[in-house]
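run18.pdb follows (PDB, C-alpha atoms):
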ATOM      1  CA  MET A   1       0.000   0.000   0.000
ATOM      2  CA  ALA A   2       2.967   2.313   0.569
ATOM      3  CA  LYS A   3       3.626   4.811  -2.212
ATOM      4  CA  VAL A   4       7.396   4.523  -2.530
ATOM      5  CA  LEU A   5       9.012   7.885  -3.355
ATOM      6  CA  ASP A   6       5.602   9.551  -3.367
ATOM      7  CA  PRO A   7       6.089  12.759  -5.406
ATOM      8  CA  LEU A   8       3.500  14.514  -3.253
ATOM      9  CA  GLN A   9       5.531  13.866  -0.087
ATOM     10  CA  ILE A  10       8.798  14.778  -1.806
ATOM     11  CA  GLY A  11       7.293  17.963  -3.252
ATOM     12  CA  TYR A  12       5.817  18.921   0.122
ATOM     13  CA  SER A  13       9.224  18.466   1.792
ATOM     14  CA  LYS A  14      11.102  20.353  -0.913
ATOM     15  CA  SER A  15       8.720  23.297  -1.188
ATOM     16  CA  ASN A  16       8.736  23.819   2.591
ATOM     17  CA  ASN A  17      12.492  23.239   2.985
ATOM     18  CA  LEU A  18      11.895  20.501   5.565
ATOM     19  CA  GLU A  19      14.558  18.426   7.280
ATOM     20  CA  ALA A  20      12.075  15.617   7.872
ATOM     21  CA  CYS A  21       8.583  14.700   6.757
ATOM     22  CA  LEU A  22       6.399  11.787   7.788
ATOM     23  CA  LYS A  23       3.066  10.479   6.611
ATOM     24  CA  CYS A  24       0.197  10.022   9.044
ATOM     25  CA  PHE A  25      -3.436   9.029   8.958
ATOM     26  CA  GLU A  26      -6.136  10.032  11.414
ATOM     27  CA  ARG A  27      -6.346   7.523  14.244
ATOM     28  CA  GLU A  28      -9.961   6.696  15.114
ATOM     29  CA  ASN A  29      -9.725   3.431  17.061
ATOM     30  CA  PRO A  30      -8.188   3.842  20.568
ATOM     31  CA  SER A  31      -7.124   0.181  20.634
ATOM     32  CA  GLU A  32      -5.136   0.354  17.402
ATOM     33  CA  GLU A  33      -1.475  -0.390  18.115
ATOM     34  CA  VAL A  34       0.262   2.398  16.209
ATOM     35  CA  SER A  35       2.758   5.054  17.258
ATOM     36  CA  VAL A  36       1.504   8.634  17.350
ATOM     37  CA  VAL A  37       2.964  12.107  16.867
ATOM     38  CA  VAL A  38       3.361  13.994  20.152
ATOM     39  CA  LYS A  39       5.063  17.079  21.508
ATOM     40  CA  LYS A  40       7.492  16.135  24.262
ATOM     41  CA  ASN A  41       9.821  18.562  26.044
ATOM     42  CA  GLU A  42       8.876  21.237  23.488
ATOM     43  CA  LYS A  43      10.018  18.954  20.653
ATOM     44  CA  TYR A  44       7.961  16.879  18.260
ATOM     45  CA  ASP A  45       8.520  13.158  18.627
ATOM     46  CA  LEU A  46       6.847   9.763  18.246
ATOM     47  CA  MET A  47       5.467   7.667  21.079
ATOM     48  CA  GLU A  48       4.742   3.987  20.799
ATOM     49  CA  TYR A  49       1.313   2.620  21.610
ATOM     50  CA  ASP A  50       2.521   0.913  24.801
ATOM     51  CA  GLU A  51       4.133   4.140  26.057
ATOM     52  CA  LEU A  52       0.794   5.945  26.256
ATOM     53  CA  LEU A  53      -1.410   5.734  29.329
ATOM     54  CA  GLU A  54      -4.931   4.359  28.966
ATOM     55  CA  LYS A  55      -6.431   7.815  29.473
ATOM     56  CA  GLU A  56      -4.141   9.203  26.767
ATOM     57  CA  LEU A  57      -5.143   6.480  24.301
ATOM     58  CA  THR A  58      -8.820   7.329  24.670
ATOM     59  CA  ALA A  59      -8.592  11.094  25.344
ATOM     60  CA  LYS A  60     -10.647  13.223  22.969
ATOM     61  CA  GLU A  61     -10.353  16.829  21.903
ATOM     62  CA  SER A  62     -12.652  19.413  23.461
ATOM     63  CA  GLY A  63     -16.117  18.920  22.050
ATOM     64  CA  GLY A  64     -15.849  15.126  22.141
ATOM     65  CA  GLY A  65     -14.858  14.707  18.509
ATOM     66  CA  ALA A  66     -11.549  13.302  17.294
ATOM     67  CA  LEU A  67      -9.027  11.559  19.518
ATOM     68  CA  GLU A  68      -6.537  13.962  21.063
ATOM     69  CA  TYR A  69      -3.562  11.867  19.941
ATOM     70  CA  ASN A  70      -4.924  11.246  16.479
ATOM     71  CA  LEU A  71      -1.909  11.423  14.147
ATOM     72  CA  ALA A  72      -0.924   7.789  13.572
ATOM     73  CA  ASN A  73       2.564   7.241  12.179
ATOM     74  CA  MET A  74       2.738   5.279   8.900
ATOM     75  CA  GLU A  75       6.550   4.912   9.077
ATOM     76  CA  GLN A  76       7.075   6.520   5.677
ATOM     77  CA  TYR A  77       9.707   9.223   5.919
ATOM     78  CA  VAL A  78      11.518  11.745   3.767
ATOM     79  CA  LEU A  79      14.694  12.915   5.496
ATOM     80  CA  SER A  80      17.409  15.412   4.682
ATOM     81  CA  ALA A  81      20.588  13.480   3.872
ATOM     82  CA  ALA A  82      22.733  16.500   4.736
ATOM     83  CA  ARG A  83      21.107  16.817   8.173
ATOM     84  CA  LEU A  84      21.472  13.095   8.865
ATOM     85  CA  LEU A  85      25.168  13.118   7.964
ATOM     86  CA  GLU A  86      25.688  16.157  10.166
ATOM     87  CA  LEU A  87      23.999  14.399  13.071
ATOM     88  CA  CYS A  88      26.044  11.208  12.609
ATOM     89  CA  LYS A  89      29.272  13.174  13.010
ATOM     90  CA  ASP A  90      28.220  14.194  16.518
ATOM     91  CA  ILE A  91      28.637  11.033  18.616
ATOM     92  CA  THR A  92      27.098  12.652  21.697
ATOM     93  CA  SER A  93      23.899  13.484  19.821
ATOM     94  CA  LEU A  94      23.886  10.120  18.068
ATOM     95  CA  ASN A  95      24.036   8.249  21.377
ATOM     96  CA  LYS A  96      20.900  10.079  22.501
ATOM     97  CA  LEU A  97      18.957   8.394  19.715
ATOM     98  CA  TYR A  98      19.365   4.902  21.146
ATOM     99  CA  VAL A  99      16.308   3.390  22.793
ATOM    100  CA  ARG A 100      16.880   1.033  25.730
ATOM    101  CA  GLU A 101      14.457  -1.838  26.199
ATOM    102  CA  PHE A 102      14.546  -4.617  28.815
ATOM    103  CA  SER A 103      13.513  -7.650  26.786
ATOM    104  CA  LYS A 104      13.959 -11.356  26.077
ATOM    105  CA  ILE A 105      17.345 -11.940  24.471
ATOM    106  CA  GLU A 106      18.184 -15.385  23.159
ATOM    107  CA  SER A 107      21.574 -16.927  23.902
ATOM    108  CA  TYR A 108      23.624 -19.843  22.625
ATOM    109  CA  ASP A 109      24.330 -22.836  24.871
ATOM    110  CA  GLU A 110      27.737 -24.197  23.842
ATOM    111  CA  GLU A 111      27.313 -27.440  25.781
ATOM    112  CA  GLU A 112      23.908 -28.240  24.287
ATOM    113  CA  GLU A 113      24.866 -26.600  20.991
ATOM    114  CA  CYS A 114      21.530 -24.882  20.621
ATOM    115  CA  THR A 115      19.880 -21.493  20.901
ATOM    116  CA  VAL A 116      18.060 -20.859  24.177
ATOM    117  CA  GLN A 117      14.860 -18.822  24.191
ATOM    118  CA  PRO A 118      14.363 -17.147  27.612
ATOM    119  CA  GLU A 119      10.979 -17.242  29.316
ATOM    120  CA  HIS A 120      11.414 -13.798  30.861
ATOM    121  CA  ALA A 121      13.210 -10.570  30.029
ATOM    122  CA  ASN A 122      16.886 -11.097  30.769
ATOM    123  CA  GLY A 123      18.800  -8.178  29.299
ATOM    124  CA  TYR A 124      18.806  -4.733  27.783
ATOM    125  CA  LYS A 125      18.515  -4.203  24.060
ATOM    126  CA  PHE A 126      19.740  -0.957  22.509
ATOM    127  CA  GLU A 127      18.201   0.044  19.201
ATOM    128  CA  LEU A 128      18.751   3.039  16.982
ATOM    129  CA  TYR A 129      15.453   4.300  15.543
ATOM    130  CA  ILE A 130      15.468   6.631  12.573
ATOM    131  CA  ASN A 131      12.367   8.402  13.871
ATOM    132  CA  SER A 132      14.325   9.567  16.941
ATOM    133  CA  PHE A 133      15.846  12.029  14.496
ATOM    134  CA  PHE A 134      12.696  14.161  14.716
ATOM    135  CA  GLN A 135      13.534  15.539  18.153
ATOM    136  CA  PHE A 136      16.590  17.241  16.641
ATOM    137  CA  CYS A 137      14.522  19.042  13.993
ATOM    138  CA  PRO A 138      13.444  22.643  14.566
ATOM    139  CA  HIS A 139       9.685  23.060  14.798
ATOM    140  CA  GLN A 140       9.410  24.619  11.345
ATOM    141  CA  ALA A 141      11.617  21.953   9.722
ATOM    142  CA  LEU A 142       9.378  18.962  10.523
ATOM    143  CA  GLY A 143       6.326  18.334   8.375
ATOM    144  CA  VAL A 144       3.396  15.953   8.774
ATOM    145  CA  LEU A 145       1.484  14.933   5.660
ATOM    146  CA  LYS A 146      -1.944  13.547   6.591
ATOM    147  CA  VAL A 147      -3.336  11.109   4.020
ATOM    148  CA  ASN A 148      -6.354   8.836   3.665
ATOM    149  CA  ARG A 149      -5.734   5.560   5.434
ATOM    150  CA  GLU A 150      -7.819   3.490   3.012
ATOM    151  CA  GLY A 151      -5.527   4.029   0.058
ATOM    152  CA  GLU A 152      -2.127   3.994   1.740
ATOM    153  CA  PHE A 153      -2.016   1.938   4.925
ATOM    154  CA  CYS A 154      -2.740  -1.598   6.032
ATOM    155  CA  CYS A 155      -1.180  -3.050   9.174
ATOM    156  CA  LEU A 156      -0.038  -6.663   8.667
ATOM    157  CA  ARG A 157       1.144  -8.099  11.970
ATOM    158  CA  GLU A 158      -0.796 -11.307  12.361
ATOM    159  CA  GLU A 159      -1.914 -13.969   9.901
ATOM    160  CA  GLU A 160      -5.529 -12.883  10.265
ATOM    161  CA  ASP A 161      -4.560  -9.428   8.961
ATOM    162  CA  LEU A 162      -3.876 -10.890   5.507
ATOM    163  CA  ASP A 163      -7.552 -10.786   4.526
ATOM    164  CA  GLU A 164      -7.695  -7.078   5.357
ATOM    165  CA  GLY A 165      -4.542  -6.493   3.316
ATOM    166  CA  LYS A 166      -5.952  -8.356   0.331
ATOM    167  CA  ALA A 167      -9.217  -6.414   0.524
ATOM    168  CA  SER A 168      -7.312  -3.116   0.671
ATOM    169  CA  LEU A 169      -5.217  -3.976  -2.396
ATOM    170  CA  LEU A 170      -8.287  -5.023  -4.370
ATOM    171  CA  ALA A 171     -10.117  -1.834  -3.381
ATOM    172  CA  GLU A 172      -7.134   0.278  -4.481
ATOM    173  CA  SER A 173      -6.959  -1.595  -7.794
ATOM    174  CA  SER A 174     -10.688  -1.154  -8.358
ATOM    175  CA  ALA A 175     -10.459   2.581  -7.672
ATOM    176  CA  TYR A 176      -7.562   2.877 -10.131
ATOM    177  CA  LEU A 177      -9.455   1.015 -12.875
ATOM    178  CA  GLN A 178     -12.560   3.132 -12.419
ATOM    179  CA  GLU A 179     -10.437   6.264 -12.694
ATOM    180  CA  VAL A 180      -8.427   5.456 -15.820
ATOM    181  CA  LEU A 181     -10.562   3.091 -17.911
ATOM    182  CA  VAL A 182     -12.894   4.254 -20.618
ATOM    183  CA  GLU A 183     -15.001   1.074 -20.423
ATOM    184  CA  LYS A 184     -15.628   1.306 -16.687
ATOM    185  CA  GLU A 185     -18.302  -1.412 -16.627
ATOM    186  CA  LYS A 186     -15.912  -4.043 -18.001
ATOM    187  CA  PHE A 187     -14.310  -4.837 -14.626
ATOM    188  CA  LYS A 188     -17.039  -3.577 -12.311
ATOM    189  CA  GLY A 189     -17.746  -6.012  -9.467
ATOM    190  CA  LYS A 190     -14.720  -8.194 -10.286
ATOM    191  CA  GLN A 191     -11.776  -8.790  -7.960
ATOM    192  CA  ILE A 192      -8.718  -7.732  -9.951
ATOM    193  CA  GLU A 193      -5.330  -6.769  -8.551
ATOM    194  CA  VAL A 194      -3.421  -4.157 -10.542
ATOM    195  CA  ASN A 195       0.360  -3.798 -10.419
ATOM    196  CA  LEU A 196       0.457  -0.009 -10.136
ATOM    197  CA  LEU A 197       4.247   0.156 -10.513
ATOM    198  CA  ALA A 198       4.057  -1.757 -13.799
ATOM    199  CA  CYS A 199       1.237   0.511 -14.949
ATOM    200  CA  ALA A 200       3.324   3.561 -14.146
ATOM    201  CA  SER A 201       6.268   2.228 -16.159
ATOM    202  CA  ARG A 202       4.137   1.385 -19.207
ATOM    203  CA  SER A 203       1.787   4.325 -19.200
ATOM    204  CA  ASP A 204       1.989   8.009 -18.432
ATOM    205  CA  THR A 205      -1.537   8.049 -16.987
ATOM    206  CA  LEU A 206      -0.592   7.429 -13.363
ATOM    207  CA  CYS A 207       2.481   9.677 -13.571
ATOM    208  CA  GLU A 208       0.365  12.480 -14.998
ATOM    209  CA  LYS A 209      -2.120  12.148 -12.148
ATOM    210  CA  TYR A 210       0.675  12.306  -9.562
ATOM    211  CA  SER A 211       2.158  15.365 -11.291
ATOM    212  CA  GLN A 212      -1.258  16.984 -11.296
ATOM    213  CA  ARG A 213      -1.602  16.365  -7.537
ATOM    214  CA  VAL A 214       1.799  17.944  -6.867
ATOM    215  CA  ASN A 215       1.059  20.953  -9.084
ATOM    216  CA  GLU A 216      -2.317  21.502  -7.425
ATOM    217  CA  TYR A 217      -0.645  21.402  -4.026
ATOM    218  CA  LEU A 218       2.077  23.883  -5.040
ATOM    219  CA  VAL A 219      -0.505  26.286  -6.483
ATOM    220  CA  ALA A 220      -2.487  26.109  -3.232
ATOM    221  CA  LEU A 221       0.718  26.653  -1.249
ATOM    222  CA  ASP A 222       1.599  29.778  -3.244
ATOM    223  CA  ARG A 223      -1.936  31.086  -2.786
ATOM    224  CA  ASN A 224      -1.696  30.634   0.992
ATOM    225  CA  LYS A 225       1.648  32.450   1.116
ATOM    226  CA  GLN A 226       0.107  35.425  -0.655
TER     227      GLN A 226
END
I need this file expressed as structure tokens, please.
Amino acid sequence: MAKVLDPLQIGYSKSNNLEACLKCFERENPSEEVSVVVKKNEKYDLMEYDELLEKELTAKESGGGALEYNLANMEQYVLSAARLLELCKDITSLNKLYVREFSKIESYDEEEECTVQPEHANGYKFELYINSFFQFCPHQALGVLKVNREGEFCCLREEEDLDEGKASLLAESSAYLQEVLVEKEKFKGKQIEVNLLACASRSDTLCEKYSQRVNEYLVALDRNKQ
């Protein structure tokens, strides 16, 4: 479902001179296990689902409408290479990006010659997350592009999620066919999966539509600046 090198996201980042940009969709289900965009210590950052308190997961904005923490991270980023390289040169700053987690770490038993899976957490694991980079971005240099979940995101964690993924792909293919075909009734009601990357390489139709989206956005951006 991910739009690799989405020109809309790239254009948004370029036109606003951003150091980082991430895609989000509006979170509606409090029980959905996704990380969310937050402001922590006056810096924008991401918090994992299990880091939020129950009251924070279900908190709603004044008026009882949308969830307060409603920007769900899709883990699709555009980052400034120059800024990343600059950050990597500073070991002190780089070390701050590591996340420490007390977890189950497997070990190797030389006598039994096998890998041992622990029953309980037995050690610390240090991981370097690319999204920790956001806390080093100035407020005006971090952008969030909110998109429709239906066409760009499907969480596949368990085997039972495969049916949802298949349905999402078929729905996206159907929407594409209805948009570009002249004989729209030909495939109506049929389950057909379209390889959108292959279509883009063989036809200018999809590329033209993406270009049109970017141009429309840039025109709107210029209008707002005026």
Counting all atoms listed in the file, what is within 8 Å of Val78 in chain A, bar same-chain residues fewer than 2 positions away, as a VMD selection string?
-> chain A and resid 9 to 10 13 20 to 22 76 80
Quick one: distance from CA of Leu79 in chain A to CA of Glu19 in chain A in Å, one decimal?
-> 5.8 Å
Rounded to one decimal place, report the CA of Lys125 in chain A-CA of Asn70 in chain A distance in Å.
->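 Computing the Euclidean distance for CA of Lys125 in chain A and CA of Asn70 in chain A yields 29.1 Å.
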7 Å contact set for Leu67 in chain A, only C-alpha atoms, chain neighbours under 4 positions out, as a list in words |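 That gives Glu28, Thr58, Ala59, Lys60 and Glu61 of chain A.
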Could you tell me which of A:Gln117, A:Phe153, A:Val37, A:Glu32 comes closest to Asp50 in chain A if we count only C-alpha atoms?
-> A:Glu32
May I have the residues within 8 Å of Asn148 in chain A as a CSV table (one decimal) with C-alpha atoms, keeping the file's coordinate frame, using only C-alpha atoms and disregarding those fewer than 2 positions away in the same chain?
chain,number,residue,atom,x,y,z
A,25,PHE,CA,-3.4,9.0,9.0
A,26,GLU,CA,-6.1,10.0,11.4
A,146,LYS,CA,-1.9,13.5,6.6
A,150,GLU,CA,-7.8,3.5,3.0
A,151,GLY,CA,-5.5,4.0,0.1
A,152,GLU,CA,-2.1,4.0,1.7
Could you expand the PyMOL selection byres ((chain A and resi 72) around 6) into the explicit residues it covers here, written as a PDB file with C-alpha atoms, keeping the file's coordinate frame?
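Listed below is the output, selection_11.pdb:
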ATOM      1  CA  CYS A  24       0.197  10.022   9.044  1.00  0.00           C
ATOM      2  CA  PHE A  25      -3.436   9.029   8.958  1.00  0.00           C
ATOM      3  CA  ARG A  27      -6.346   7.523  14.244  1.00  0.00           C
ATOM      4  CA  SER A  35       2.758   5.054  17.258  1.00  0.00           C
ATOM      5  CA  VAL A  36       1.504   8.634  17.350  1.00  0.00           C
ATOM      6  CA  LEU A  71      -1.909  11.423  14.147  1.00  0.00           C
ATOM      7  CA  ASN A  73       2.564   7.241  12.179  1.00  0.00           C
TER       8      ASN A  73
END
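Minimum distance to Leu8 in chain A across A:Gly189, A:Val147, A:Ala167, A:Tyr108 (counting all atoms listed in the file) occurs at A:Val147.
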Among the residues A:Glu68, A:Glu106, A:Asp6, A:Glu101, the one that comes closest to Lys55 in chain A [using all atoms listed in the file] = A:Glu68
Determine, counting only C-alpha atoms, which protein, DNA and RNA residues have an atom within 7 Å of an atom of Glu127 in chain A; residues of the same chain fewer than 3 positions away are not included. Present the result as a list in words.
->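 Non-adjacent residues within range: Tyr98, Val99 and Arg100 of chain A.
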For the structure shown, which residues end up in the PyMOL selection byres ((chain A and resi 134) around 10)? Put them as a ChimeraX atom specification, please?
-> /A:19-22,43-46,79,97,130-133,135-139,141-143
Could you check which of A:Cys88, A:Ile105, A:Leu18, A:Val38 is closest to Glu56 in chain A, using only C-alpha atoms?
->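 When distances to Glu56 in chain A are compared using only C-alpha atoms, the smallest one comes from A:Val38.
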Shortest interatomic distance to Asn16 in chain A - which of A:Glu86, A:Asn122, A:Leu170, A:Gln140, counting all atoms listed in the file | A:Gln140
Pick the closest to Asn29 in chain A from A:Leu57, A:Leu5, A:Leu87, A:Leu169: which is it, counting only C-alpha atoms?
->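 Looking only at the distances to Asn29 in chain A, the closest residue turns out to be A:Leu57.
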Measure the distance from CA of Ala66 in chain A to CA of Glu172 in chain A in Å and round it to one decimal.
->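 About the pair CA of Ala66 in chain A and CA of Glu172 in chain A: they are 25.8 Å apart.
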For range 78-89 of chain A, where the input has fewer atoms than it should, I would like N, CA and C atoms rebuilt and written as an mmCIF file, keeping the file's coordinate frame.
data_model
loop_
_atom_site.group_PDB
_atom_site.id
_atom_site.type_symbol
_atom_site.label_atom_id
_atom_site.label_comp_id
_atom_site.auth_asym_id
_atom_site.auth_seq_id
_atom_site.Cartn_x
_atom_site.Cartn_y
_atom_site.Cartn_z
ATOM 1 N N VAL A 78 10.583 11.066 4.662
ATOM 2 C CA VAL A 78 11.518 11.745 3.767
ATOM 3 C C VAL A 78 12.436 12.551 4.674
ATOM 4 N N LEU A 79 13.737 12.280 4.594
ATOM 5 C CA LEU A 79 14.694 12.915 5.496
ATOM 6 C C LEU A 79 15.787 13.623 4.710
ATOM 7 N N SER A 80 16.304 14.678 5.288
ATOM 8 C CA SER A 80 17.409 15.412 4.682
ATOM 9 C C SER A 80 18.707 14.635 4.886
ATOM 10 N N ALA A 81 19.334 14.232 3.779
ATOM 11 C CA ALA A 81 20.588 13.480 3.872
ATOM 12 C C ALA A 81 21.680 14.329 4.522
ATOM 13 N N ALA A 82 21.708 15.610 4.175
ATOM 14 C CA ALA A 82 22.733 16.500 4.736
ATOM 15 C C ALA A 82 22.593 16.602 6.255
ATOM 16 N N ARG A 83 21.344 16.700 6.728
ATOM 17 C CA ARG A 83 21.107 16.817 8.173
ATOM 18 C C ARG A 83 21.448 15.509 8.887
ATOM 19 N N LEU A 84 21.148 14.390 8.269
ATOM 20 C CA LEU A 84 21.472 13.095 8.865
ATOM 21 C C LEU A 84 22.983 12.904 8.991
ATOM 22 N N LEU A 85 23.708 13.252 7.937
ATOM 23 C CA LEU A 85 25.168 13.118 7.964
ATOM 24 C C LEU A 85 25.780 14.034 9.019
ATOM 25 N N GLU A 86 25.210 15.214 9.146
ATOM 26 C CA GLU A 86 25.688 16.157 10.166
ATOM 27 C C GLU A 86 25.472 15.592 11.563
ATOM 28 N N LEU A 87 24.321 14.976 11.774
ATOM 29 C CA LEU A 87 23.999 14.399 13.071
ATOM 30 C C LEU A 87 24.913 13.217 13.399
ATOM 31 N N CYS A 88 25.216 12.396 12.388
ATOM 32 C CA CYS A 88 26.044 11.208 12.609
ATOM 33 C C CYS A 88 27.480 11.559 12.993
ATOM 34 N N LYS A 89 27.919 12.753 12.654
ATOM 35 C CA LYS A 89 29.272 13.174 13.010
ATOM 36 C C LYS A 89 29.387 13.530 14.489
#
